[in-house]
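Chemist: Let me give you the structure first, and then I'll get to my questions.
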Amino acid sequence: MKINFWSKISTGFFSKSVLGIDIGTTSIKIVELSDKKTKKLSNYGQLRSEYFAGEEFRRYSPEGLILGTKNIINAIQAILEEAHIKSREAYFSLPDYSTFFTTFELPPMSSDELKEAVKYEAPRHIPLPLADVTLDWQVIKGVPGQSGQTPLKILLIAVPNRVIAQYQEIADGLKIKIRALEAEVFALSRAAIRFQDKQQVVSVIDLGQKSTTINIVSKGLLKTSFSTDTGGEKFDQALKDAFQINSRKAEIIKRMLGVEKEETIREILMPVVENLLKEVSQVFNQYSQEEREKIDKIILSGGNALMPGLHKLFNEKFGIVTEVANPFLGLSFPPGLEEVLKKIGPEFTIAVGTALRGLE
């Protein structure tokens with residue numbers, strides 16, 4: 001079964017071009033793709049929250065995800081106008097912090113029995129009333145209807161309806177039609193994992209500003225997704241405390257020097273890096289113990305994946321091939337854009353993956 005969130009919103013209709021929209025904490029990225037065969041990159045754009053009274057586009061409260069609807073609408077409208085994007089049909093990504101993932105096992109059973117069993121079992125694993133969430137699920141281990149004693153392992157996904165309503169409000173304000181909403185992890189996997197790696201066990205690690213999400217995909221199936229609050233903000237705060245500078249200057253130092261070009265900066269950032277590597281190691285170890293599989297490759301995504309030297313430290317720590325995501329590989333675009341797209345690629349992984357959903 002393929003994950004297909006909110007089919008009541010999504011349709012199978014394919015328009016001339018589609019938009020993938022990623023509303024991040026500090027920036028919004030938009031990618032426009034067209035032509036199912038060539039997967040042509042028609043346009044792209046990005047705008048940072050600092051241009052909107054310094055307010056972040058999204059934040060988290062005890063009630064859950066809160067979107068700065070007015071600023072988001074203005075920012076998306078500005079990108080569409082500046083990039084001369086005409087398409088008004090979009091696929092939006094949903095942040096993993098607003099998406100609840102869990103796994104559980106069921107005894108062997110037929111496909112029809114499984115549907116009823118998941119409905120019955122879901123309330124035991126979701127911390128919200130089922131009436132308040134939209135659910136989806138997929139089998140990640142075992143085969144329904146297959147004889148034997150092997151249990152079925154189910155990945156269950158739930159998103160609060162109030163989160164979906166916020167995205168609908170944004171779309172309505174922009175007069176954009178939502179074709180589908182999709183959890184970031186699926187967009188990440190679609191854009192970051194290349195065809196030749198589809199049969200491997202790949203960890204796609206998204207290094208965002210507020211958090212880092214550690215995802216493990218085995219042979220094309222998402223097996224686990226874990227979020228930690230060790231994000232780019234922690235790196236920035238370490239630099240701000242050390243030099244008594246503002247967030248903008250800290251971000252510039254982090255992006256330019258990272259952990260390989262200047263020893264003083266390296267010493268300041270390494271405690272945060274080491275904590276992140278420890279958290280990743282715990283996820284990897286738990287996965288290996290439960291699934292009896294080793295990780296074949298690590299792909300770093302998100303703006304903070306561009307920090308100089310970070311991917312080398314991952315390689316040294318785990319002894320696993322580590323690369324920085326380049327979601328524009330495989331797309332059709334003018335040759336002169338190759339270097340620019342490679343440089344910004346990690347930041348656009350989710351937006352590209354979301355747009356690719358529209359070409360499937």
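Following the order of the structure tokens, chains are lettered A, B, ..., residues in each are numbered from 1, and ligands are numbered from 1.
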Just the residues within 12 Å of Asp241 (chain A), please, counting only C-alpha atoms, with nothing from its chain fewer than 6 positions along; format it as a list in words.
Modeler: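 Once the adjacent positions are removed, what remains is Lys234, Phe235, Ser247, Lys249, Ala250, Ile268 and Leu269 of chain A.
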Chemist: For the selection just defined, write its residues with all heavy atoms to a file, as a PDB file, in the first residue's frame.
Modeler:
ATOM      1  N   LYS A 234      20.665  25.133  17.680  1.00  0.00           N
ATOM      2  CA  LYS A 234      21.623  24.805  18.746  1.00  0.00           C
ATOM      3  C   LYS A 234      23.041  25.223  18.337  1.00  0.00           C
ATOM      4  O   LYS A 234      23.818  25.709  19.170  1.00  0.00           O
ATOM      5  CB  LYS A 234      21.579  23.300  19.048  1.00  0.00           C
ATOM      6  CG  LYS A 234      20.278  22.815  19.687  1.00  0.00           C
ATOM      7  CD  LYS A 234      20.220  23.211  21.150  1.00  0.00           C
ATOM      8  CE  LYS A 234      18.930  22.713  21.812  1.00  0.00           C
ATOM      9  NZ  LYS A 234      18.906  21.266  22.016  1.00  0.00           N
ATOM     10  N   PHE A 235      23.388  25.030  17.060  1.00  0.00           N
ATOM     11  CA  PHE A 235      24.691  25.472  16.572  1.00  0.00           C
ATOM     12  C   PHE A 235      24.798  26.992  16.652  1.00  0.00           C
ATOM     13  O   PHE A 235      25.811  27.548  17.090  1.00  0.00           O
ATOM     14  CB  PHE A 235      24.902  25.013  15.124  1.00  0.00           C
ATOM     15  CG  PHE A 235      25.035  23.530  14.956  1.00  0.00           C
ATOM     16  CD1 PHE A 235      23.990  22.773  14.453  1.00  0.00           C
ATOM     17  CD2 PHE A 235      26.211  22.880  15.302  1.00  0.00           C
ATOM     18  CE1 PHE A 235      24.112  21.412  14.301  1.00  0.00           C
ATOM     19  CE2 PHE A 235      26.345  21.511  15.145  1.00  0.00           C
ATOM     20  CZ  PHE A 235      25.291  20.771  14.649  1.00  0.00           C
ATOM     21  N   SER A 247      21.803  36.345  15.799  1.00  0.00           N
ATOM     22  CA  SER A 247      21.532  35.093  15.088  1.00  0.00           C
ATOM     23  C   SER A 247      22.024  35.128  13.648  1.00  0.00           C
ATOM     24  O   SER A 247      22.524  34.124  13.128  1.00  0.00           O
ATOM     25  CB  SER A 247      20.028  34.792  15.103  1.00  0.00           C
ATOM     26  OG  SER A 247      19.568  34.590  16.407  1.00  0.00           O
ATOM     27  N   LYS A 249      24.590  36.789  12.302  1.00  0.00           N
ATOM     28  CA  LYS A 249      26.034  36.618  12.230  1.00  0.00           C
ATOM     29  C   LYS A 249      26.440  35.178  12.561  1.00  0.00           C
ATOM     30  O   LYS A 249      27.346  34.625  11.953  1.00  0.00           O
ATOM     31  CB  LYS A 249      26.725  37.599  13.166  1.00  0.00           C
ATOM     32  CG  LYS A 249      26.642  39.049  12.714  1.00  0.00           C
ATOM     33  CD  LYS A 249      27.372  39.992  13.664  1.00  0.00           C
ATOM     34  CE  LYS A 249      27.302  41.426  13.164  1.00  0.00           C
ATOM     35  NZ  LYS A 249      27.971  42.367  14.100  1.00  0.00           N
ATOM     36  N   ALA A 250      25.750  34.587  13.533  1.00  0.00           N
ATOM     37  CA  ALA A 250      26.040  33.200  13.897  1.00  0.00           C
ATOM     38  C   ALA A 250      25.766  32.268  12.721  1.00  0.00           C
ATOM     39  O   ALA A 250      26.543  31.339  12.449  1.00  0.00           O
ATOM     40  CB  ALA A 250      25.201  32.788  15.112  1.00  0.00           C
ATOM     41  N   ILE A 268      33.864  25.248  19.432  1.00  0.00           N
ATOM     42  CA  ILE A 268      32.575  25.745  19.919  1.00  0.00           C
ATOM     43  C   ILE A 268      31.424  24.861  19.449  1.00  0.00           C
ATOM     44  O   ILE A 268      30.490  24.565  20.205  1.00  0.00           O
ATOM     45  CB  ILE A 268      32.352  27.201  19.442  1.00  0.00           C
ATOM     46  CG1 ILE A 268      33.374  28.128  20.103  1.00  0.00           C
ATOM     47  CG2 ILE A 268      30.935  27.668  19.741  1.00  0.00           C
ATOM     48  CD1 ILE A 268      33.418  29.518  19.505  1.00  0.00           C
ATOM     49  N   LEU A 269      31.512  24.403  18.211  1.00  0.00           N
ATOM     50  CA  LEU A 269      30.405  23.643  17.619  1.00  0.00           C
ATOM     51  C   LEU A 269      30.453  22.144  17.902  1.00  0.00           C
ATOM     52  O   LEU A 269      29.419  21.472  17.851  1.00  0.00           O
ATOM     53  CB  LEU A 269      30.392  23.859  16.094  1.00  0.00           C
ATOM     54  CG  LEU A 269      30.102  25.277  15.602  1.00  0.00           C
ATOM     55  CD1 LEU A 269      30.166  25.333  14.082  1.00  0.00           C
ATOM     56  CD2 LEU A 269      28.736  25.761  16.088  1.00  0.00           C
TER      57      LEU A 269
END
Chemist: Env of Gly232 (chain A): 9 Å cut, atoms = only C-alpha atoms, seq-sep filter 4 positions within chain, self excluded. Answer as a list in words.
Modeler: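 Near Gly232 (chain A), the qualifying residues are Leu207, Gly208, Gln209, Lys210, Ser211, Thr212, Asp236, Gln237, Glu251, Gly303 and Asn304 of chain A.
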Chemist: If you count only C-alpha atoms, which residues fall within 12 Å of Lys175 (chain A), apart from same-chain ones fewer than 3 positions away, as a PyMOL selection string?
Modeler: chain A and resi 73+76-77+86-90+168-172+178
Chemist: I'd like the contact shell of Ile265 (chain A) - 12 Å cut-off, only C-alpha atoms, skipping same-chain residues fewer than 2 positions apart - returned as a PyMOL selection string.
Modeler: chain A and resi 235-236+238-240+242-243+250+253-263+267-272+307-309
Chemist: Save the residues we just selected, C-alpha atoms, as a compact mmCIF listing (two decimals), in the first residue's frame?
Modeler:
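Generated output (again16.txt):
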# COMPACT_ATOMS: atom_id res chain seq x y z
CA PHE A 235 24.69 25.47 16.57
CA ASP A 236 23.73 29.15 16.25
CA ALA A 238 26.64 28.06 20.75
CA LEU A 239 28.22 30.72 18.52
CA LYS A 240 26.02 33.49 19.92
CA ALA A 242 30.70 32.39 22.62
CA PHE A 243 30.99 35.66 20.67
CA ALA A 250 26.04 33.20 13.90
CA ILE A 253 29.83 31.85 10.58
CA LYS A 254 28.23 28.41 10.74
CA ARG A 255 27.62 28.31 6.98
CA MET A 256 31.07 29.63 6.02
CA LEU A 257 33.38 27.91 8.52
CA GLY A 258 31.48 24.98 10.03
CA VAL A 259 33.66 22.41 11.77
CA GLU A 260 36.59 22.20 9.41
CA LYS A 261 37.99 25.63 8.55
CA GLU A 262 38.84 27.26 11.87
CA GLU A 263 39.83 25.50 15.08
CA GLU A 267 35.73 23.69 19.36
CA ILE A 268 32.58 25.75 19.92
CA LEU A 269 30.41 23.64 17.62
CA MET A 270 31.77 20.17 18.36
CA PRO A 271 29.77 19.58 21.59
CA VAL A 272 26.56 20.10 19.59
CA MET A 307 27.83 23.18 7.23
CA PRO A 308 31.48 22.56 6.15
CA GLY A 309 32.93 19.33 7.52
Chemist: Write out as a list in words each polymer residue whose atoms come within 9 Å of Thr69 (chain A), counting only C-alpha atoms; drop sequence neighbours fewer than 3 positions from it.
Modeler: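 So, after excluding close chain neighbours, the residues are Phe57, Arg58, Ile66, Ile72, Ile73, Asn74, Gln166, Tyr167, Glu169, Ile170 and Gly173 of chain A.
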Chemist: Mind the document's chain letters and residue numbers, and return as a ChimeraX atom specification the residues of region 265-341 of chain A that DSSP labels alpha helix (DSSP H).
Modeler: /A:265-291,310-318,338-341
Chemist: Go through A:Lys342, A:Arg292, A:Lys119, A:Lys297 one by one, measure the shortest atom-to-atom distance of each to Gln199 (chain A) using only C-alpha atoms, and give the residue with the smallest value.
Modeler: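 Smallest distance to Gln199 (chain A) is found for A:Lys297.
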Chemist: Would you mind reading off the distance between CA of Phe348 (chain A) and CA of Val321 (chain A), one decimal, in Å?
Modeler: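 Distance reported for this atom pair: 21.6 Å.
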Chemist: For Pro144 (chain A), which of A:Glu56, A:Asp112, A:Glu323, A:Asp35 is the closest residue, counting only C-alpha atoms?
Modeler: A:Asp112
Chemist: If I take CA of Phe328 (chain A) and CA of Gly345 (chain A), how far is one from the other in Å, to one decimal?
Modeler: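 Separation between CA of Phe328 (chain A) and CA of Gly345 (chain A): 6.6 Å.
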Chemist: Using only C-alpha atoms, find the one residue out of A:Ile157, A:Leu135, A:Val273, A:Ile23 that sits nearest to Leu94 (chain A).
Modeler: A:Ile23
Chemist: When distances are computed from only C-alpha atoms, which of A:Glu291, A:Glu279, A:Glu121, A:Asp136 shows the smallest separation from Val201 (chain A)?
Modeler: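 For Val201 (chain A), the nearest of the candidates is A:Glu291.
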Chemist: My list of candidates is A:Met109, A:Ala305, A:Ala165, A:Leu156. Which is closest to Leu67 (chain A) when distances are computed with only C-alpha atoms?
Modeler: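 Checking each of A:Met109, A:Ala305, A:Ala165, A:Leu156 against Leu67 (chain A), counting only C-alpha atoms, the winner is A:Ala165.
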Chemist: Fewer than 5 positions away in the same chain doesn't count, so skip those; otherwise give me all residues within 8 Å of Ser93 (chain A), counting only C-alpha atoms, as a list in words.
Modeler: Gly20, Ile21, Asp22, Ile23, Leu181, Glu182, Ala183, Glu184, Ala187, Ile350, Ala351 and Thr354 of chain A
Chemist: Using N, CA, C and O atoms, can you export the residues from the last selection as a JSON list (two decimals), in the first residue's frame?
Modeler:
[["chain", "number", "residue", "atom", "x", "y", "z"],
["A", 20, "GLY", "N", 5.60, 22.21, -5.53],
["A", 20, "GLY", "CA", 5.90, 21.60, -4.25],
["A", 20, "GLY", "C", 6.25, 22.71, -3.29],
["A", 20, "GLY", "O", 7.17, 23.51, -3.56],
["A", 21, "ILE", "N", 5.51, 22.84, -2.19],
["A", 21, "ILE", "CA", 5.71, 23.95, -1.25],
["A", 21, "ILE", "C", 6.11, 23.42, 0.11],
["A", 21, "ILE", "O", 5.40, 22.62, 0.71],
["A", 22, "ASP", "N", 7.26, 23.88, 0.57],
["A", 22, "ASP", "CA", 7.81, 23.48, 1.87],
["A", 22, "ASP", "C", 7.85, 24.71, 2.76],
["A", 22, "ASP", "O", 8.65, 25.63, 2.55],
["A", 23, "ILE", "N", 6.97, 24.74, 3.76],
["A", 23, "ILE", "CA", 6.94, 25.84, 4.73],
["A", 23, "ILE", "C", 7.81, 25.45, 5.91],
["A", 23, "ILE", "O", 7.40, 24.66, 6.76],
["A", 181, "LEU", "N", -1.51, 16.79, 0.70],
["A", 181, "LEU", "CA", -0.62, 17.12, 1.81],
["A", 181, "LEU", "C", 0.18, 15.87, 2.11],
["A", 181, "LEU", "O", -0.37, 14.77, 2.09],
["A", 182, "GLU", "N", 1.45, 16.04, 2.43],
["A", 182, "GLU", "CA", 2.30, 14.87, 2.63],
["A", 182, "GLU", "C", 3.33, 15.12, 3.72],
["A", 182, "GLU", "O", 3.92, 16.19, 3.80],
["A", 183, "ALA", "N", 3.55, 14.14, 4.59],
["A", 183, "ALA", "CA", 4.57, 14.25, 5.63],
["A", 183, "ALA", "C", 5.95, 14.42, 5.00],
["A", 183, "ALA", "O", 6.27, 13.79, 3.99],
["A", 184, "GLU", "N", 6.76, 15.27, 5.58],
["A", 184, "GLU", "CA", 8.08, 15.59, 5.03],
["A", 184, "GLU", "C", 8.92, 14.36, 4.74],
["A", 184, "GLU", "O", 9.65, 14.31, 3.75],
["A", 187, "ALA", "N", 8.49, 12.95, 1.27],
["A", 187, "ALA", "CA", 9.08, 13.82, 0.26],
["A", 187, "ALA", "C", 10.60, 13.71, 0.27],
["A", 187, "ALA", "O", 11.25, 13.67, -0.77],
["A", 350, "ILE", "N", 12.95, 18.74, 0.42],
["A", 350, "ILE", "CA", 11.53, 18.50, 0.72],
["A", 350, "ILE", "C", 10.64, 19.10, -0.36],
["A", 350, "ILE", "O", 9.69, 18.46, -0.82],
["A", 351, "ALA", "N", 10.95, 20.31, -0.80],
["A", 351, "ALA", "CA", 10.13, 20.96, -1.83],
["A", 351, "ALA", "C", 10.17, 20.16, -3.13],
["A", 351, "ALA", "O", 9.13, 19.97, -3.78],
["A", 354, "THR", "N", 8.22, 16.90, -2.70],
["A", 354, "THR", "CA", 6.77, 17.15, -2.68],
["A", 354, "THR", "C", 6.25, 17.39, -4.08],
["A", 354, "THR", "O", 5.17, 16.89, -4.47]]
Chemist: Give the answer as one residue: which of A:Ile205, A:Val118, A:Leu329, A:Leu128 has the shortest atom-to-atom distance to Leu188 (chain A), using only C-alpha atoms?
Modeler: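 Looking only at the distances to Leu188 (chain A), the closest residue turns out to be A:Ile205.
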Chemist: Which neighbours of Val18 (chain A) fall inside 9 Å, counting only C-alpha atoms, when residues of the same chain fewer than 4 positions from it are skipped, and could you give them as a ChimeraX atom specification?
Modeler: /A:14,31-34,87-91,355-356,358-359
Chemist: Taking a cut-off of 7 Å and counting only C-alpha atoms, can you build a table that, for each residue of region 46-150 of chain A near region 159-164 of chain A, reports the nearest atom pair and how far apart they are in Å (one decimal), sorted by chain then residue number, as a tab-separated table?
Modeler:
residue	atom	partner	partner_atom	distance
A:Leu65	CA	A:Val163	CA	6.8
A:Ser98	CA	A:Val159	CA	6.5
A:Thr99	CA	A:Val159	CA	4.9
A:Phe100	CA	A:Val159	CA	6.2
A:Asp132	CA	A:Asn161	CA	5.6
A:Val133	CA	A:Pro160	CA	4.2
A:Thr134	CA	A:Val159	CA	5.4
A:Leu135	CA	A:Val159	CA	6.8
Chemist: How many Å lie between CA of Phe104 (chain A) and CA of Leu155 (chain A), rounded to one decimal?
Modeler: 7.0 Å
Chemist: Name the residues of region 106-315 of chain A that fall into strand (DSSP E) according to DSSP on the backbone, using the chain letters and numbers of this document, as an NGL selection string.
Modeler: :A and (106 or 133-141 or 152-160 or 177-183 or 201-207 or 212-218 or 221-228 or 297-301)
